[in-house]
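**Student:** The structure file run-v6.txt (compact mmCIF, C-alpha atoms and all ligand atoms) is provided below.
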```
# COMPACT_ATOMS: atom_id res chain seq x y z
CA MET A 1 -13.44 27.80 -76.75
CA ILE A 2 -14.91 30.81 -78.46
CA ALA A 3 -15.99 32.25 -75.14
CA LYS A 4 -12.44 32.18 -73.90
CA ARG A 5 -11.29 34.30 -76.85
CA GLN A 6 -14.25 36.60 -76.73
CA ALA A 7 -12.71 39.35 -74.67
CA PRO A 8 -9.08 38.76 -73.85
CA HIS A 9 -8.63 42.43 -72.98
CA GLN A 10 -11.23 42.10 -70.27
CA ARG A 11 -9.52 39.26 -68.51
CA SER A 12 -7.86 41.53 -65.96
CA ASN A 13 -11.26 42.74 -64.85
CA PHE A 14 -12.32 39.29 -63.79
CA ASN A 15 -11.46 39.46 -60.14
CA ARG A 16 -13.69 38.44 -57.30
CA LYS A 17 -15.59 41.70 -57.59
CA THR A 18 -16.79 41.35 -61.17
CA PRO A 19 -20.17 43.03 -61.15
CA GLY A 20 -23.21 41.01 -62.17
CA TRP A 21 -24.06 43.23 -65.17
CA MET A 22 -20.70 42.48 -66.69
CA ILE A 23 -21.27 38.76 -66.56
CA GLY A 24 -24.66 39.37 -68.11
CA LEU A 25 -23.11 41.40 -70.92
CA LEU A 26 -20.55 38.69 -71.54
CA LEU A 27 -23.29 36.10 -71.70
CA VAL A 28 -25.13 38.15 -74.33
CA ILE A 29 -21.94 38.46 -76.41
CA VAL A 30 -21.30 34.73 -76.22
CA LEU A 31 -24.88 33.94 -77.17
CA TYR A 32 -24.69 36.36 -80.09
CA ALA A 33 -21.41 34.84 -81.31
CA PHE A 34 -23.01 31.41 -81.39
CA ALA A 35 -26.32 32.52 -82.82
CA GLN A 36 -25.01 34.94 -85.49
CA PRO A 37 -23.91 32.43 -88.15
CA TRP A 38 -27.04 30.33 -87.55
CA LEU A 39 -29.37 33.33 -87.83
CA ASN A 40 -27.59 34.55 -90.95
CA LYS A 41 -27.89 31.15 -92.57
CA ARG A 42 -31.44 30.34 -91.55
CA LEU A 43 -33.09 33.71 -91.84
CA GLY A 44 -30.91 35.27 -94.51
CA TRP A 45 -29.84 38.05 -92.17
CA ASN A 46 -26.53 39.76 -92.49
CA LEU A 47 -25.48 40.16 -88.87
CA PRO A 48 -21.84 41.15 -88.42
CA ALA A 49 -19.52 38.55 -86.92
CA ILE A 50 -17.48 39.31 -83.84
CA PRO A 51 -13.84 39.53 -84.86
CA ILE A 52 -11.83 36.88 -83.10
CA ALA A 53 -8.06 37.11 -82.94
CA ASP A 54 -6.97 33.56 -83.62
CA SER A 55 -3.44 32.49 -84.44
CA SER A 56 -4.12 28.77 -84.72
CA SER A 57 -6.77 28.58 -87.41
CA SER A 58 -5.20 30.44 -90.34
CA PRO A 59 -3.13 27.85 -92.16
CA SER A 60 -3.05 29.90 -95.35
CA SER A 61 -0.97 32.68 -93.87
CA ASN A 62 2.01 30.67 -92.77
CA SER A 63 2.21 27.75 -95.16
CA SER A 64 5.11 26.90 -97.52
CA PRO A 65 7.80 29.26 -96.24
CA SER A 66 10.14 28.19 -99.07
CA GLN A 67 7.91 29.74 -101.70
CA PRO A 68 8.09 33.53 -101.67
CA PRO A 69 4.64 35.05 -101.65
CA VAL A 70 3.39 36.25 -104.99
CA ASP A 71 1.20 39.30 -104.94
CA SER A 72 -2.26 37.87 -105.40
CA SER A 73 -3.53 41.12 -106.84
CA LEU A 74 -1.22 40.53 -109.81
CA ASP A 75 -2.46 36.98 -110.28
CA ALA A 76 -6.05 38.03 -110.34
CA LYS A 77 -5.63 40.42 -113.19
CA PRO A 78 -5.79 39.33 -116.80
CA SER A 79 -2.48 40.33 -118.32
CA SER A 80 -3.84 41.63 -121.58
CA ALA A 81 -6.85 43.58 -120.39
CA ASP A 82 -6.54 47.28 -119.82
CA SER A 83 -2.84 47.17 -120.53
CA SER A 84 -2.58 50.88 -121.24
CA HIS A 85 -2.81 51.70 -117.56
CA ALA A 86 0.03 51.12 -115.17
CA ASP A 87 -0.83 49.24 -112.05
CA SER A 88 -0.59 52.13 -109.66
CA ALA A 89 -1.45 49.91 -106.70
CA THR A 90 1.79 47.98 -107.07
CA ALA A 91 3.78 50.96 -108.21
CA GLU A 92 2.84 53.34 -105.45
CA SER A 93 4.37 51.32 -102.66
CA PHE A 94 7.95 51.83 -103.84
CA LEU A 95 7.76 54.23 -106.78
CA GLN A 96 6.93 57.89 -106.87
CA LYS A 97 4.50 59.13 -109.49
CA VAL A 98 6.22 61.91 -111.40
CA GLY A 99 3.91 62.33 -114.37
CA ASP A 100 1.10 60.79 -116.37
CA GLN A 101 1.74 57.03 -116.04
CA THR A 102 5.36 57.80 -115.22
CA PHE A 103 6.99 56.58 -112.02
CA ARG A 104 10.45 57.11 -110.51
CA SER A 105 12.26 54.77 -108.13
CA PRO A 106 14.45 55.92 -105.20
CA ALA A 107 17.59 55.07 -107.25
CA GLY A 108 16.32 57.27 -110.10
CA LEU A 109 15.02 54.66 -112.54
CA VAL A 110 11.99 55.69 -114.57
CA TYR A 111 9.10 53.40 -115.51
CA LYS A 112 6.73 54.68 -118.16
CA ARG A 113 4.44 53.75 -121.00
CA GLY A 114 5.83 51.41 -123.62
CA SER A 115 6.44 47.78 -124.54
CA ALA A 116 4.00 45.30 -126.04
CA GLU A 117 2.05 45.29 -122.78
CA GLY A 118 1.42 49.04 -122.85
CA HIS A 119 3.50 49.95 -119.80
CA ARG A 120 7.00 48.95 -118.67
CA LEU A 121 5.63 47.83 -115.29
CA LYS A 122 3.15 45.57 -117.08
CA HIS A 123 6.01 44.05 -118.98
CA LEU A 124 7.94 43.45 -115.75
CA GLU A 125 4.91 41.62 -114.37
CA ARG A 126 5.44 38.98 -117.05
CA HIS A 127 8.67 38.07 -115.30
CA LEU A 128 6.90 37.29 -112.03
CA ARG A 129 5.54 34.04 -113.42
CA ASP A 130 6.54 31.33 -115.82
CA ILE A 131 5.25 31.10 -119.37
CA PRO A 132 6.07 27.40 -119.86
CA ASP A 133 5.14 27.25 -123.55
CA ARG A 134 6.96 30.40 -124.61
CA PRO A 135 9.80 29.45 -127.00
CA GLY A 136 13.31 29.85 -125.61
CA PRO A 137 14.22 31.04 -122.10
CA HIS A 138 11.99 33.12 -119.84
CA GLY A 139 13.55 34.50 -116.65
CA VAL A 140 11.16 34.39 -113.69
CA PHE A 141 11.75 36.42 -110.52
CA ASN A 142 11.02 34.75 -107.15
CA GLY A 143 8.85 37.26 -105.34
CA THR A 144 6.38 40.09 -105.59
CA MET A 145 6.40 43.10 -107.90
CA ASP A 146 7.47 45.27 -104.98
CA GLU A 147 10.44 42.99 -104.23
CA PHE A 148 11.32 42.90 -107.94
CA LEU A 149 11.39 46.72 -108.14
CA ARG A 150 13.58 46.86 -105.02
CA ILE A 151 16.09 44.34 -106.35
CA ILE A 152 16.25 46.18 -109.69
CA ASP A 153 17.06 49.39 -107.78
CA ALA A 154 19.66 47.63 -105.62
CA GLY A 155 21.31 46.05 -108.68
CA TYR A 156 21.30 49.34 -110.58
CA THR A 157 22.94 51.14 -107.65
CA ARG A 158 25.62 48.45 -107.37
CA ALA A 159 26.36 48.69 -111.10
CA LYS A 160 26.51 52.50 -110.95
CA ASN A 161 29.09 52.22 -108.17
CA LYS A 162 31.03 49.75 -110.34
CA GLU A 163 30.88 47.11 -107.63
CA SER A 164 32.28 43.66 -108.35
CA GLY A 165 29.88 41.22 -109.98
CA THR A 166 28.39 43.96 -112.16
CA SER A 167 29.01 44.97 -115.75
CA VAL A 168 27.57 47.58 -118.10
CA LYS A 169 27.49 47.28 -121.87
CA ASN A 170 26.55 50.13 -124.16
CA ASP A 171 24.48 49.56 -127.27
CA ASN A 172 23.68 52.72 -129.18
CA GLY A 173 22.58 54.77 -126.16
CA ARG A 174 21.05 51.76 -124.43
CA GLU A 175 22.70 50.28 -121.39
CA GLU A 176 22.66 46.58 -120.75
CA ILE A 177 23.45 45.99 -117.07
CA ASP A 178 24.36 42.57 -115.64
CA ILE A 179 24.36 42.05 -111.88
CA ARG A 180 25.35 38.85 -110.14
CA PHE A 181 23.73 38.09 -106.77
CA PRO A 182 25.15 35.83 -104.04
CA SER A 183 22.02 33.68 -103.98
CA GLU A 184 19.27 32.79 -106.40
CA ILE A 185 16.77 35.47 -107.34
CA GLY A 186 14.64 33.46 -109.72
CA PHE A 187 14.51 30.51 -112.06
CA LEU A 188 14.68 29.74 -115.75
CA GLY A 189 11.23 29.31 -117.26
CA GLY A 190 9.85 29.12 -120.78
CA GLN A 191 10.33 26.07 -123.00
CA GLU A 192 14.08 26.13 -122.40
CA GLY A 193 13.59 26.25 -118.64
CA LYS A 194 11.14 23.36 -118.75
CA ARG A 195 13.64 21.30 -120.77
CA LYS A 196 16.41 22.01 -118.23
CA GLY A 197 14.26 21.41 -115.14
CA ASN A 198 13.78 25.10 -114.25
CA PRO A 199 17.26 25.74 -112.82
CA PRO A 200 17.73 28.63 -110.33
CA LEU A 201 19.10 31.94 -111.60
CA LYS A 202 21.44 34.30 -109.76
CA ARG A 203 21.87 37.11 -112.27
CA LEU A 204 19.72 40.07 -113.17
CA LYS A 205 19.73 41.92 -116.48
CA ILE A 206 18.45 45.48 -116.70
CA ILE A 207 18.08 47.19 -120.06
CA LEU A 208 17.94 50.97 -119.85
CA ASP A 209 17.38 53.80 -122.26
CA GLU A 210 19.06 56.61 -120.35
CA ASP A 211 17.26 56.32 -117.00
CA SER A 212 14.19 54.66 -118.46
CA VAL A 213 13.77 50.94 -117.77
CA ILE A 214 13.01 48.98 -120.95
CA THR A 215 13.03 45.60 -119.26
CA ALA A 216 14.62 43.60 -116.43
CA TYR A 217 14.70 39.86 -115.81
CA PRO A 218 16.67 37.15 -114.04
CA PHE A 219 18.96 35.15 -116.36
CA MET B 220 -7.05 29.94 -121.35
CA THR B 221 -6.97 30.36 -125.09
CA ASP B 222 -4.70 28.90 -127.70
CA LYS B 223 -2.76 31.62 -129.39
CA LYS B 224 -0.30 31.48 -132.25
CA LEU B 225 2.93 33.34 -131.68
CA LEU B 226 4.84 34.00 -134.89
CA TYR B 227 8.54 34.62 -134.51
CA ILE B 228 11.79 34.41 -136.41
CA ARG B 229 14.18 33.34 -133.69
CA GLN B 230 15.50 34.08 -130.25
CA CYS B 231 16.94 37.60 -130.09
CA PRO B 232 20.73 37.49 -130.57
CA ILE B 233 21.14 40.63 -128.46
CA CYS B 234 19.31 39.93 -125.20
CA GLU B 235 18.98 36.14 -125.71
CA GLN B 236 15.65 36.30 -123.90
CA GLY B 237 13.20 37.94 -126.26
CA LEU B 238 11.80 36.75 -129.57
CA ALA B 239 12.49 38.59 -132.81
CA ARG B 240 9.04 39.04 -134.36
CA PRO B 241 7.73 40.72 -137.54
CA ARG B 242 5.98 43.99 -136.77
CA ILE B 243 4.00 46.18 -139.15
CA CYS B 244 3.68 49.94 -138.96
CA ARG B 245 0.87 51.65 -140.83
CA SER B 246 1.50 55.36 -140.65
CA PRO B 247 -1.45 57.78 -140.71
CA ALA B 248 -0.72 58.48 -144.38
CA THR B 249 -1.01 54.77 -145.14
CA GLN B 250 -4.27 54.47 -143.29
CA MET B 251 -5.69 57.50 -145.07
CA GLN B 252 -4.79 56.01 -148.44
CA GLU B 253 -6.57 52.80 -147.43
CA LYS B 254 -9.68 54.72 -146.47
CA LYS B 255 -9.74 56.42 -149.86
CA GLU B 256 -9.27 53.19 -151.82
CA PRO B 257 -10.59 50.43 -149.57
CA ASP B 258 -10.89 47.93 -152.46
CA GLN B 259 -7.20 48.13 -153.16
CA TYR B 260 -5.95 46.77 -149.88
CA ILE B 261 -6.54 43.64 -147.83
CA ALA B 262 -6.90 44.93 -144.28
CA GLY B 263 -3.81 47.06 -144.63
CA SER B 264 -1.52 44.18 -145.30
CA ASN B 265 -0.56 44.84 -148.92
CA ASN B 266 -0.27 48.61 -148.80
CA PRO B 267 3.17 49.43 -150.18
CA ASN B 268 3.42 52.21 -147.62
CA SER B 269 3.16 49.80 -144.72
CA VAL B 270 6.52 49.23 -143.14
CA ALA B 271 7.59 45.83 -141.89
CA VAL B 272 10.44 45.42 -139.44
CA VAL B 273 11.63 42.77 -137.03
CA LEU B 274 11.31 43.73 -133.38
CA CYS B 275 12.51 41.93 -130.23
CA ASP B 276 9.63 41.73 -127.74
CA GLU B 277 12.03 41.92 -124.79
CA CYS B 278 14.95 44.30 -125.47
CA GLU B 279 13.20 46.09 -128.37
CA ALA B 280 16.07 45.83 -130.83
CA ILE B 281 14.90 46.42 -134.44
CA TRP B 282 16.10 44.91 -137.72
CA SER B 283 15.09 45.73 -141.27
CA ASP B 284 14.37 42.14 -142.31
CA PRO B 285 14.29 38.56 -141.04
CA THR B 286 17.95 37.88 -141.83
CA LEU B 287 18.70 40.13 -138.82
CA ASN B 288 21.70 41.50 -140.68
CA GLU B 289 20.80 45.16 -140.51
CA ARG B 290 19.88 46.93 -137.30
CA ILE B 291 17.51 49.90 -137.30
CA ARG B 292 18.18 52.46 -134.59
CA THR B 293 15.28 54.89 -134.83
CA LYS B 294 13.74 55.81 -131.50
CA ALA B 295 10.74 57.83 -130.35
CA ASP B 296 11.50 58.96 -126.83
CA SER B 297 12.65 55.65 -125.32
CA ASP B 298 10.47 53.51 -127.60
CA PRO B 299 11.65 51.68 -130.69
CA ALA B 300 10.37 53.64 -133.70
CA CYS B 301 9.34 53.04 -137.28
CA PRO B 302 12.18 53.97 -139.68
CA GLN B 303 9.70 55.64 -142.04
CA CYS B 304 7.19 57.61 -139.96
CA HIS B 305 9.33 57.71 -136.78
CA GLN B 306 6.36 56.87 -134.56
CA SER B 307 6.68 54.45 -131.69
CA LEU B 308 6.37 50.82 -132.74
CA TRP B 309 4.19 50.39 -129.64
CA GLY B 310 1.76 52.98 -130.98
CA PRO B 311 -1.78 52.18 -132.14
CA GLN B 312 -0.70 52.32 -135.81
CA SER B 313 1.56 49.31 -135.28
CA HIS B 314 0.91 45.59 -134.70
CA TRP B 315 2.54 42.16 -134.81
CA ALA B 316 2.34 40.79 -138.34
CA SER B 317 -0.33 38.19 -139.09
CA LEU B 318 0.42 35.03 -141.03
CA GLU B 319 -1.24 36.59 -144.09
CA GLU B 320 0.98 39.65 -143.85
CA ILE B 321 4.05 37.48 -143.44
CA TYR B 322 3.11 35.62 -146.66
CA LEU B 323 2.69 38.90 -148.52
CA LEU B 324 6.06 40.10 -147.27
CA GLY B 325 7.71 36.94 -148.55
CA TRP B 326 9.03 36.24 -145.03
CA TYR B 327 7.20 32.96 -144.55
CA ASN B 328 10.32 30.79 -144.79
CA TYR B 329 11.84 32.55 -141.80
CA ILE B 330 8.87 32.06 -139.52
CA GLN B 331 8.40 29.68 -136.64
CA VAL B 332 5.05 29.20 -134.98
CA ALA B 333 4.59 28.58 -131.26
CA LEU B 334 1.23 27.61 -129.80
CA LEU B 335 0.63 29.31 -126.49
CA HIS B 336 -1.93 27.76 -124.18
CA THR B 337 -1.50 30.48 -121.56
CA ASP B 338 -2.95 33.95 -121.60
CA SER B 339 0.36 35.58 -122.36
CA GLU B 340 1.91 36.40 -125.67
ZN ZN A 401 16.18 41.22 -127.50
ZN ZN A 402 5.59 53.96 -139.52
```
Mind turning the file's structure into structure tokens?
**Tutor:**
Amino acid sequence: MIAKRQAPHQRSNFNRKTPGWMIGLLLVIVLYAFAQPWLNKRLGWNLPAIPIADSSSSPSSNSSPSQPPVDSSLDAKPSSADSSHADSATAESFLQKVGDQTFRSPAGLVYKRGSAEGHRLKHLERHLRDIPDRPGPHGVFNGTMDEFLRIIDAGYTRAKNKESGTSVKNDNGREEIDIRFPSEIGFLGGQEGKRKGNPPLKRLKIILDEDSVITAYPF
Amino acid sequence: MTDKKLLYIRQCPICEQGLARPRICRSPATQMQEKKEPDQYIAGSNNPNSVAVVLCDECEAIWSDPTLNERIRTKADSDPACPQCHQSLWGPQSHWASLEEIYLLGWYNYIQVALLHTDSE
């Protein structure tokens, strides 16, 4: 079984005229593939494994299609530690760094230092997961940080173009933007969400100070 | 996983998502005064120059006291700011009020306590 997958790219070479040295080489590779884990285990060696392209034995990659993938790098991090630094790994994919701990999105939204978490992006991360014992409602976005930033940009652009399903309220220089989406973008968490059975949410709220994002969450 | 007490007044009437929570600002002048007379003050909580406000932890609206009748609109860049020293309320001189500080402010009757079992505040 392993031997068959050993060298799929060499299969075309296996015609009647396959030279003897090639079969010998293949035999050595097969033997190595079998012996490598055993040698590593028994003798404490650290021999490299032969990479095998296998589509059938990776159940983790294609399970539960209904649940959007959550960026595992966000899960692994303690939320309170090192909160003064923005997570540049998540930010860089969609945002452009324009200054010290300051990032700009394609639609022109700015994410910078601030909030109880130390950075606006850190605060947004709180809305990627439920906080079931937090009093009141807690809007949770269904998806990764990258997807969250993209939907915030899309919603902001729709509101700027005064599209239907959007509204903008002004509060002393701060803009409170509501955007309704055709399908659910998250669910209601927190104590209130738990009480109501975590109903789905289709609206996004963005609170801006000029072009600076204070917060955004499904509601 | 640690149990953490979250002290709050009520759900924010503006964003209806955040919690309005007592926040203390101790300006540099206040801290200097405390260094000069350390016996006078209990960990900065009873310094008359400390400023207490109510701050929403989501939309960052500020009020002058727990009745939430009077909004404060001072800002430092895009941060909510202390009405006295005008520094950001997210700065190192500022913190969420402790239960002791809330007692000393006379705000205890307005306070609700939530026990958080998760790592988030
Ligand atoms: Zn609020
Ligand atoms: Zn101050």
**Student:** Taking only residues of chain B that have an atom at most 9 Å from an atom of chain A, what is each one's shortest atom pair and its distance in Å to one decimal, using all atoms listed in the file, in chain and number order, as JSON lines?
**Tutor:**
```
{"residue": "B:Leu225", "atom": "CA", "partner": "A:Arg134", "partner_atom": "CA", "distance": 8.7}
{"residue": "B:Arg229", "atom": "CA", "partner": "A:Gly136", "partner_atom": "CA", "distance": 8.8}
{"residue": "B:Gln230", "atom": "CA", "partner": "A:Gly136", "partner_atom": "CA", "distance": 6.6}
{"residue": "B:Cys234", "atom": "CA", "partner": "A:Glu176", "partner_atom": "CA", "distance": 8.7}
{"residue": "B:Glu235", "atom": "CA", "partner": "A:Pro137", "partner_atom": "CA", "distance": 7.9}
{"residue": "B:Gln236", "atom": "CA", "partner": "A:Pro137", "partner_atom": "CA", "distance": 5.7}
{"residue": "B:Gly237", "atom": "CA", "partner": "A:Gly136", "partner_atom": "CA", "distance": 8.1}
{"residue": "B:Leu238", "atom": "CA", "partner": "A:Pro135", "partner_atom": "CA", "distance": 8.0}
{"residue": "B:Asp276", "atom": "CA", "partner": "A:Ala116", "partner_atom": "CA", "distance": 6.9}
{"residue": "B:Glu277", "atom": "CA", "partner": "A:Thr215", "partner_atom": "CA", "distance": 6.7}
{"residue": "B:Cys278", "atom": "CA", "partner": "A:Thr215", "partner_atom": "CA", "distance": 6.6}
{"residue": "B:Glu279", "atom": "CA", "partner": "A:Ser115", "partner_atom": "CA", "distance": 8.0}
{"residue": "B:Arg292", "atom": "CA", "partner": "A:Asn172", "partner_atom": "CA", "distance": 7.7}
{"residue": "B:Ser297", "atom": "CA", "partner": "A:Asp209", "partner_atom": "CA", "distance": 5.9}
{"residue": "B:Asp298", "atom": "CA", "partner": "A:Gly114", "partner_atom": "CA", "distance": 6.5}
{"residue": "B:Pro299", "atom": "CA", "partner": "A:Ser115", "partner_atom": "CA", "distance": 9.0}
{"residue": "B:Ser307", "atom": "CA", "partner": "A:Gly114", "partner_atom": "CA", "distance": 8.7}
{"residue": "B:Leu308", "atom": "CA", "partner": "A:Ser115", "partner_atom": "CA", "distance": 8.7}
{"residue": "B:Trp309", "atom": "CA", "partner": "A:Ser115", "partner_atom": "CA", "distance": 6.2}
{"residue": "B:Gly310", "atom": "CA", "partner": "A:Gly114", "partner_atom": "CA", "distance": 8.6}
{"residue": "B:Ala333", "atom": "CA", "partner": "A:Pro135", "partner_atom": "CA", "distance": 6.8}
{"residue": "B:Leu334", "atom": "CA", "partner": "A:Asp133", "partner_atom": "CA", "distance": 7.4}
{"residue": "B:Leu335", "atom": "CA", "partner": "A:Asp133", "partner_atom": "CA", "distance": 5.8}
{"residue": "B:His336", "atom": "CA", "partner": "A:Asp133", "partner_atom": "CA", "distance": 7.1}
{"residue": "B:Thr337", "atom": "CA", "partner": "A:Ile131", "partner_atom": "CA", "distance": 7.1}
{"residue": "B:Asp338", "atom": "CA", "partner": "A:Ser79", "partner_atom": "CA", "distance": 7.2}
{"residue": "B:Ser339", "atom": "CA", "partner": "A:Ser79", "partner_atom": "CA", "distance": 6.9}
{"residue": "B:Glu340", "atom": "CA", "partner": "A:Arg134", "partner_atom": "CA", "distance": 7.9}
```
**Student:** Show me which residues are within 9 Å of ligand ZN 402 (chain A) counting only C-alpha atoms and all ligand atoms, and format the list as a list in words.
**Tutor:** Ile243, Cys244, Arg245, Ser246, Pro247, Thr249, Asn268, Ser269, Val270, Ala271, Ala300, Cys301, Pro302, Gln303, Cys304, His305, Gln306, Ser307, Leu308, Gln312 and Ser313 of chain B
**Student:** Tell me which of A:Ser93, A:Asn170, A:Ser105, A:Asn198 sits closest to Thr157 (chain A), counting only C-alpha atoms.
**Tutor:**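 Result for the nearest residue to Thr157 (chain A): A:Ser105.
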**Student:** How many Å separate CA of Val272 (chain B) from CA of Glu175 (chain A)?
**Tutor:**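 We find that CA of Val272 (chain B) and CA of Glu175 (chain A) lie 22.4 Å from each other.
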**Student:** Since the input is missing atoms for region 161-176 of chain A, could you rebuild it with N, CA and C atoms and give the result as a PDB file, in the frame of the given file?
**Tutor:**
```pdb
ATOM      1  N   ASN A 161      27.896  52.077-109.008  1.00  0.00           N
ATOM      2  CA  ASN A 161      29.090  52.220-108.170  1.00  0.00           C
ATOM      3  C   ASN A 161      30.221  51.286-108.606  1.00  0.00           C
ATOM      4  N   LYS A 162      30.028  50.652-109.752  1.00  0.00           N
ATOM      5  CA  LYS A 162      31.030  49.750-110.340  1.00  0.00           C
ATOM      6  C   LYS A 162      31.480  48.673-109.369  1.00  0.00           C
ATOM      7  N   GLU A 163      30.542  48.170-108.578  1.00  0.00           N
ATOM      8  CA  GLU A 163      30.880  47.110-107.630  1.00  0.00           C
ATOM      9  C   GLU A 163      31.183  45.816-108.375  1.00  0.00           C
ATOM     10  N   SER A 164      31.915  44.922-107.701  1.00  0.00           N
ATOM     11  CA  SER A 164      32.280  43.660-108.350  1.00  0.00           C
ATOM     12  C   SER A 164      31.013  42.829-108.568  1.00  0.00           C
ATOM     13  N   GLY A 165      31.046  42.027-109.631  1.00  0.00           N
ATOM     14  CA  GLY A 165      29.880  41.220-109.980  1.00  0.00           C
ATOM     15  C   GLY A 165      28.888  41.981-110.853  1.00  0.00           C
ATOM     16  N   THR A 166      29.274  43.189-111.275  1.00  0.00           N
ATOM     17  CA  THR A 166      28.390  43.960-112.160  1.00  0.00           C
ATOM     18  C   THR A 166      29.134  44.345-113.433  1.00  0.00           C
ATOM     19  N   SER A 167      28.398  44.472-114.517  1.00  0.00           N
ATOM     20  CA  SER A 167      29.010  44.970-115.750  1.00  0.00           C
ATOM     21  C   SER A 167      27.970  45.761-116.542  1.00  0.00           C
ATOM     22  N   VAL A 168      28.457  46.730-117.294  1.00  0.00           N
ATOM     23  CA  VAL A 168      27.570  47.580-118.100  1.00  0.00           C
ATOM     24  C   VAL A 168      28.058  47.584-119.531  1.00  0.00           C
ATOM     25  N   LYS A 169      27.148  47.273-120.446  1.00  0.00           N
ATOM     26  CA  LYS A 169      27.490  47.280-121.870  1.00  0.00           C
ATOM     27  C   LYS A 169      26.660  48.360-122.543  1.00  0.00           C
ATOM     28  N   ASN A 170      27.264  49.072-123.476  1.00  0.00           N
ATOM     29  CA  ASN A 170      26.550  50.130-124.160  1.00  0.00           C
ATOM     30  C   ASN A 170      26.178  49.701-125.566  1.00  0.00           C
ATOM     31  N   ASP A 171      24.922  49.918-125.929  1.00  0.00           N
ATOM     32  CA  ASP A 171      24.480  49.560-127.270  1.00  0.00           C
ATOM     33  C   ASP A 171      23.661  50.712-127.822  1.00  0.00           C
ATOM     34  N   ASN A 172      24.359  51.606-128.520  1.00  0.00           N
ATOM     35  CA  ASN A 172      23.680  52.720-129.180  1.00  0.00           C
ATOM     36  C   ASN A 172      22.776  53.509-128.223  1.00  0.00           C
ATOM     37  N   GLY A 173      23.354  53.959-127.110  1.00  0.00           N
ATOM     38  CA  GLY A 173      22.580  54.770-126.160  1.00  0.00           C
ATOM     39  C   GLY A 173      21.787  53.941-125.163  1.00  0.00           C
ATOM     40  N   ARG A 174      21.733  52.638-125.394  1.00  0.00           N
ATOM     41  CA  ARG A 174      21.050  51.760-124.430  1.00  0.00           C
ATOM     42  C   ARG A 174      22.077  51.053-123.577  1.00  0.00           C
ATOM     43  N   GLU A 175      21.784  50.976-122.299  1.00  0.00           N
ATOM     44  CA  GLU A 175      22.700  50.280-121.390  1.00  0.00           C
ATOM     45  C   GLU A 175      22.146  48.915-121.039  1.00  0.00           C
ATOM     46  N   GLU A 176      23.037  47.945-121.108  1.00  0.00           N
ATOM     47  CA  GLU A 176      22.660  46.580-120.750  1.00  0.00           C
ATOM     48  C   GLU A 176      23.452  46.250-119.492  1.00  0.00           C
TER      49      GLU A 176
END
```
